[in-house]
Amino acid sequence: MAPRRFTSSNHIPPEDVKCTDTVIIGNGPSALFLSYLLHGNIPTYDSVTHGPHPDPALHTKLSRYGNRPLFDAIESMRASEALTEHFHAATYMGYSNQALPLNVLLDTLVQPGADTEIGGAKSRLKWSSDERRRIGHVVLGSAKEAGGQWSEDPASTGTSWDIEALSYAEMLSLPGYSFREHYRRKHGKAMPHLNRPTRREVADYYGAYPRAAGISSEVFSSVYAHRVNRTQSGFSVKVYRKPTSSRPQCEYTIHCKHLVLATGILTNVIPPPPIFLPLLNPANNTLYQQQRVKTLPLLVVGSGFTAADVIINAPPNQKIIHIFKWNTTRPSPLKGCHSQAYPEYASIYRRMKQSAADSTSPASLTTPSNYEGFPNAQVIAVSGDGRVIRILTADGDILERTIDTLNYCVGRRGSLEYLSAELRKAVGVLDAGWVSADTLRRRAEADLEVTKNVWVVGSLTGDSLVRYAFGGCAYAAGRIMADQEIPEDELTMQEATTTSRRGSGCVVS
Ligand SMILES: Cc1cc2nc3c(=O)[nH]c(=O)nc-3n(C[C@H](O)[C@H](O)[C@H](O)COP(=O)(O)OP(=O)(O)OC[C@H]3O[C@@H](n4cnc5c(N)ncnc54)[C@H](O)[C@@H]3O)c2cc1C
């Protein structure tokens, strides 16, 4: 069969078999940024516009590369290590020691001192567009709009579009079209400092990003990639597009040479264990709707941000029964929330702490409140109609409570089930393919190319914040471009035509 060139259009003929150089699975922030790079947008260290980087050691190391693309400086994990090995000693820079050094590197180049100079950080990257380096690719994401988990309906987890992000807008911003520019475009005025946008605003920004950053022709939403197999010449990816009112469903196959996994670790909410089944029974829920007594408490299980978001999102007089893990050596992530920056989370953390301190009785018995906290408690029985629960407290007491509904918020996980069993094994994921922050971490630390021609980026690497997604993307883009590299003189000769050749970079099926 003759090779076909991948058509850069949002309307892929369903019967087609297509080819492209790189398939990126997932359409979250990391996939969007990687697509921006693969469009030929090239970062270079810039010590002129705003002066050298405030870390003199980093400045010295990067200056050796002159005007060469940053990709050259991070061409291997070893090269990246050489740039970052002093980070732990540069205490005055406050570099994260949790994130991958490569991700910390890009973060500090995009926004040096972002934690202390919120809104004022000056990027030390200069961007140029080089059509010759453009790589044919597609971004395939199941979310309805570009933005990955940001564009998915938060109602499914009991939270809302109006919950504020943890990060300030700058830290959710992607190179190529910033949150600040988007805010100005939408509101006709400058974005205020210390702006924590709502989930709706973040989704709106990422939804607008592809068009504004000039990558929309390669970004496909509402599509699932599955049955991804290694072939003799690369990979085959089956793509299923959900039907909508204006478009029929369709399925097609894409062949590619490089594969990037950007599907995140947050797609699937961890379901409640079987004991909660009566609470999930639709028949009981219907009964609820009819007889619902508004004064009954909401049962929230979980100790992290989603549980906190559910509590924040509840109506003001809603009673809450909160069951959470409490471990002084591994405290809730809410502990890190400063009461000025995150008053809502800090207030919930205080209530949890108060409940934990009150060793023999929950907080509500000493302080009348709508909040009743049960640290390290367990639900040991649920009545058949799902109304009454029995709680075993950490002190060994058994209490009964009548409740309204359950919000089970103990976390989320991603899945690599869309890869063939052989590929899953090659990337180091077994069985059902569930992935959390730890699953691929050791592999990612060794190399983000987790098996030949397969990269992981974004939260799959174990760094879930958007600001720490850039390093992995830049590394993958540099390696993919290097795989296509043609000599400089040939590049010059072919300047006018290379784009189409690379776009096809195509593998015959
Ligand atoms: C409630 C909540 C609040 C958060 N707040 C912040 C914050 O304030 N700041 C911050 O920096 N980070 C925050 N995060 C972390 C979040 O991980 C990042 O913001 C970011 O979304 C990670 O981007 P990503 O590119 O790794 O992928 P995601 O955004 O996770 O997107 C991956 C997408 O790929 C899709 N996908 C999965 N499998 C397939 C498949 N087979 N085919 C096609 N598509 C597929 C998924 O459904 C998903 O839509 C928050 C996370 C949650 C859950």
# chains A, B, ... in the order shown; residues from 1 in each chain; ligands from 1
$ select_by_dssp --residues "stretch 264-444 of chain A" --states "strand (DSSP E)" --output "mmCIF file with C-alpha atoms, in the first residue's frame"
data_model
loop_
_atom_site.group_PDB
_atom_site.id
_atom_site.type_symbol
_atom_site.label_atom_id
_atom_site.label_comp_id
_atom_site.auth_asym_id
_atom_site.auth_seq_id
_atom_site.Cartn_x
_atom_site.Cartn_y
_atom_site.Cartn_z
ATOM 1 C CA ASN A 268 -9.894 7.706 36.619
ATOM 2 C CA VAL A 269 -11.368 8.417 40.011
ATOM 3 C CA LEU A 298 -22.823 14.806 53.229
ATOM 4 C CA LEU A 299 -20.275 12.027 53.783
ATOM 5 C CA VAL A 300 -16.859 12.990 52.432
ATOM 6 C CA VAL A 301 -14.061 10.408 52.480
ATOM 7 C CA ILE A 320 -20.406 17.431 56.605
ATOM 8 C CA ILE A 321 -19.122 14.132 57.972
ATOM 9 C CA HIS A 322 -15.492 13.917 56.974
ATOM 10 C CA ILE A 323 -13.508 10.679 57.241
ATOM 11 C CA PHE A 324 -9.843 11.150 56.470
ATOM 12 C CA TYR A 371 -18.365 19.807 60.341
ATOM 13 C CA GLU A 372 -17.743 16.475 62.029
ATOM 14 C CA GLY A 373 -14.242 15.126 61.400
ATOM 15 C CA PHE A 374 -13.182 11.494 61.933
ATOM 16 C CA PRO A 375 -9.427 10.959 61.529
ATOM 17 C CA GLN A 378 -13.543 3.417 58.965
ATOM 18 C CA VAL A 379 -17.039 2.814 57.695
ATOM 19 C CA ILE A 380 -17.794 -0.734 58.837
ATOM 20 C CA ALA A 381 -21.433 -1.058 57.770
ATOM 21 C CA VAL A 382 -23.946 0.651 55.512
ATOM 22 C CA VAL A 388 -27.314 4.846 57.799
ATOM 23 C CA ILE A 389 -23.611 4.224 58.203
ATOM 24 C CA ARG A 390 -21.710 2.746 61.108
ATOM 25 C CA ILE A 391 -18.315 4.321 61.800
ATOM 26 C CA LEU A 392 -15.449 2.735 63.744
ATOM 27 C CA ILE A 398 -18.713 2.691 67.020
ATOM 28 C CA LEU A 399 -21.041 5.510 65.998
ATOM 29 C CA GLU A 400 -24.058 5.614 63.706
ATOM 30 C CA ARG A 401 -24.902 8.479 61.388
ATOM 31 C CA THR A 402 -27.695 9.037 58.913
ATOM 32 C CA LEU A 406 -21.303 10.030 49.589
ATOM 33 C CA ASN A 407 -18.323 11.748 47.997
ATOM 34 C CA TYR A 408 -15.464 9.290 47.919
ATOM 35 C CA ARG A 412 -7.267 9.292 40.968
ATOM 36 C CA ARG A 413 -5.081 7.241 38.708
ATOM 37 C CA GLY A 414 -4.266 7.035 35.056
ATOM 38 C CA SER A 415 -4.305 4.000 32.841
ATOM 39 C CA TRP A 434 -3.035 1.553 36.287
ATOM 40 C CA VAL A 435 -0.563 4.361 36.856
#
$ residues_near_ligand --ligand "ligand 1" --cutoff "8 Å" --atoms "only C-alpha atoms and all ligand atoms" --output "PyMOL selection string"
chain A and resi 25-32+140-143+147-152+154+164-168+171-172+222-226+239+262-267+305-306+309+412+414-418+457-460+463-469
$ closest_residue --among "A:Pro331, A:Arg441, A:Ile270, A:Ala341" --to "A:Lys353" --atoms "only C-alpha atoms"
A:Pro331
$ closest_residue --among "A:Met77, A:Ala477, A:Leu58, A:Leu259" --to "A:Ser35" --atoms "only C-alpha atoms"
A:Ala477
$ atom_distance --atom1 "atom CA of A:Tyr183" --atom2 "atom CA of A:Ala314"
28.4 Å
$ residues_around --residues "A:Ile163" --least-positions-apart "5" --cutoff "12 Å" --atoms "only C-alpha atoms" --output "VMD selection string"
chain A and resid 150 154 to 155 158 196 to 203 305 to 306 308 to 314 342 344 to 345
$ write_last_selection --atoms "N, CA and C atoms" --output "short mmCIF file (atom, residue, chain, number, x, y, z; two decimals), in the first residue's frame"
data_model
loop_
_atom_site.label_atom_id
_atom_site.label_comp_id
_atom_site.auth_asym_id
_atom_site.auth_seq_id
_atom_site.Cartn_x
_atom_site.Cartn_y
_atom_site.Cartn_z
N TRP A 150 -8.32 19.45 32.71
CA TRP A 150 -8.91 20.76 33.02
C TRP A 150 -10.22 20.97 32.28
N PRO A 154 -16.02 18.84 36.20
CA PRO A 154 -15.68 18.55 37.60
C PRO A 154 -16.85 18.02 38.41
N ALA A 155 -18.07 18.12 37.87
CA ALA A 155 -19.24 17.65 38.63
C ALA A 155 -19.12 16.17 38.97
N GLY A 158 -17.85 15.83 42.28
CA GLY A 158 -18.54 16.58 43.33
C GLY A 158 -17.99 17.99 43.52
N ARG A 196 -5.51 33.56 41.19
CA ARG A 196 -5.75 32.11 41.13
C ARG A 196 -7.02 31.91 40.32
N PRO A 197 -6.88 31.52 39.05
CA PRO A 197 -8.06 31.42 38.19
C PRO A 197 -8.96 30.26 38.60
N THR A 198 -10.23 30.37 38.27
CA THR A 198 -11.12 29.24 38.53
C THR A 198 -10.83 28.16 37.49
N ARG A 199 -11.36 26.98 37.79
CA ARG A 199 -11.19 25.86 36.85
C ARG A 199 -11.77 26.23 35.48
N ARG A 200 -12.89 26.94 35.49
CA ARG A 200 -13.53 27.36 34.23
C ARG A 200 -12.57 28.25 33.42
N GLU A 201 -11.90 29.17 34.13
CA GLU A 201 -10.99 30.09 33.43
C GLU A 201 -9.77 29.36 32.88
N VAL A 202 -9.30 28.35 33.64
CA VAL A 202 -8.14 27.59 33.16
C VAL A 202 -8.55 26.78 31.92
N ALA A 203 -9.73 26.15 32.01
CA ALA A 203 -10.21 25.36 30.86
C ALA A 203 -10.37 26.27 29.64
N PHE A 305 -6.97 17.40 48.23
CA PHE A 305 -7.60 18.60 47.68
C PHE A 305 -9.01 18.35 47.15
N THR A 306 -9.24 17.17 46.56
CA THR A 306 -10.57 16.95 46.00
C THR A 306 -11.60 16.88 47.12
N ALA A 308 -11.34 18.34 49.96
CA ALA A 308 -11.48 19.72 50.42
C ALA A 308 -12.36 20.52 49.45
N ASP A 309 -12.17 20.30 48.14
CA ASP A 309 -12.99 21.02 47.15
C ASP A 309 -14.47 20.70 47.32
N VAL A 310 -14.77 19.43 47.64
CA VAL A 310 -16.18 19.05 47.82
C VAL A 310 -16.76 19.81 49.02
N ILE A 311 -15.97 19.90 50.08
CA ILE A 311 -16.45 20.59 51.29
C ILE A 311 -16.62 22.09 50.98
N ILE A 312 -15.65 22.65 50.26
CA ILE A 312 -15.73 24.08 49.92
C ILE A 312 -16.95 24.35 49.04
N ASN A 313 -17.22 23.38 48.17
CA ASN A 313 -18.29 23.56 47.19
C ASN A 313 -19.70 23.32 47.76
N ALA A 314 -19.76 22.76 48.99
CA ALA A 314 -21.06 22.44 49.58
C ALA A 314 -21.79 23.73 49.98
N TYR A 342 -4.05 30.48 50.64
CA TYR A 342 -5.11 29.49 50.41
C TYR A 342 -6.02 29.41 51.64
N GLU A 344 -9.13 28.98 52.16
CA GLU A 344 -10.18 27.96 52.19
C GLU A 344 -9.62 26.59 52.54
N TYR A 345 -8.44 26.24 51.95
CA TYR A 345 -7.84 24.94 52.25
C TYR A 345 -7.26 24.94 53.67
#
$ residues_around --residues "A:Leu62" --least-positions-apart "6" --cutoff "8 Å" --atoms "only C-alpha atoms" --output "PyMOL selection string"
chain A and resi 45+73+83
$ atom_distance --atom1 "atom CA of A:Arg351" --atom2 "atom CA of A:Ser369"
10.2 Å
$ select_by_dssp --residues "stretch 209-351 of chain A" --states "helix (DSSP H, G or I)" --output "ChimeraX atom specification"
/A:209-213,216-218,274-280,282-291,305-313,333-336,343-351
$ atom_distance --atom1 "atom CA of A:Lys335" --atom2 "atom CA of A:Phe179"
27.7 Å
$ residues_around --residues "A:Thr295" --least-positions-apart "3" --cutoff "12 Å" --atoms "only C-alpha atoms" --output "PyMOL selection string"
chain A and resi 291-292+298+315-320+370+402-405
$ closest_residue --among "A:Asp358, A:Asp21, A:Glu181, A:Asp397" --to "A:Phe235" --atoms "only C-alpha atoms"
A:Asp21
$ closest_residue --among "A:Pro175, A:Ala169, A:Asp483, A:Arg133" --to "A:Asn195" --atoms "only C-alpha atoms"
A:Ala169
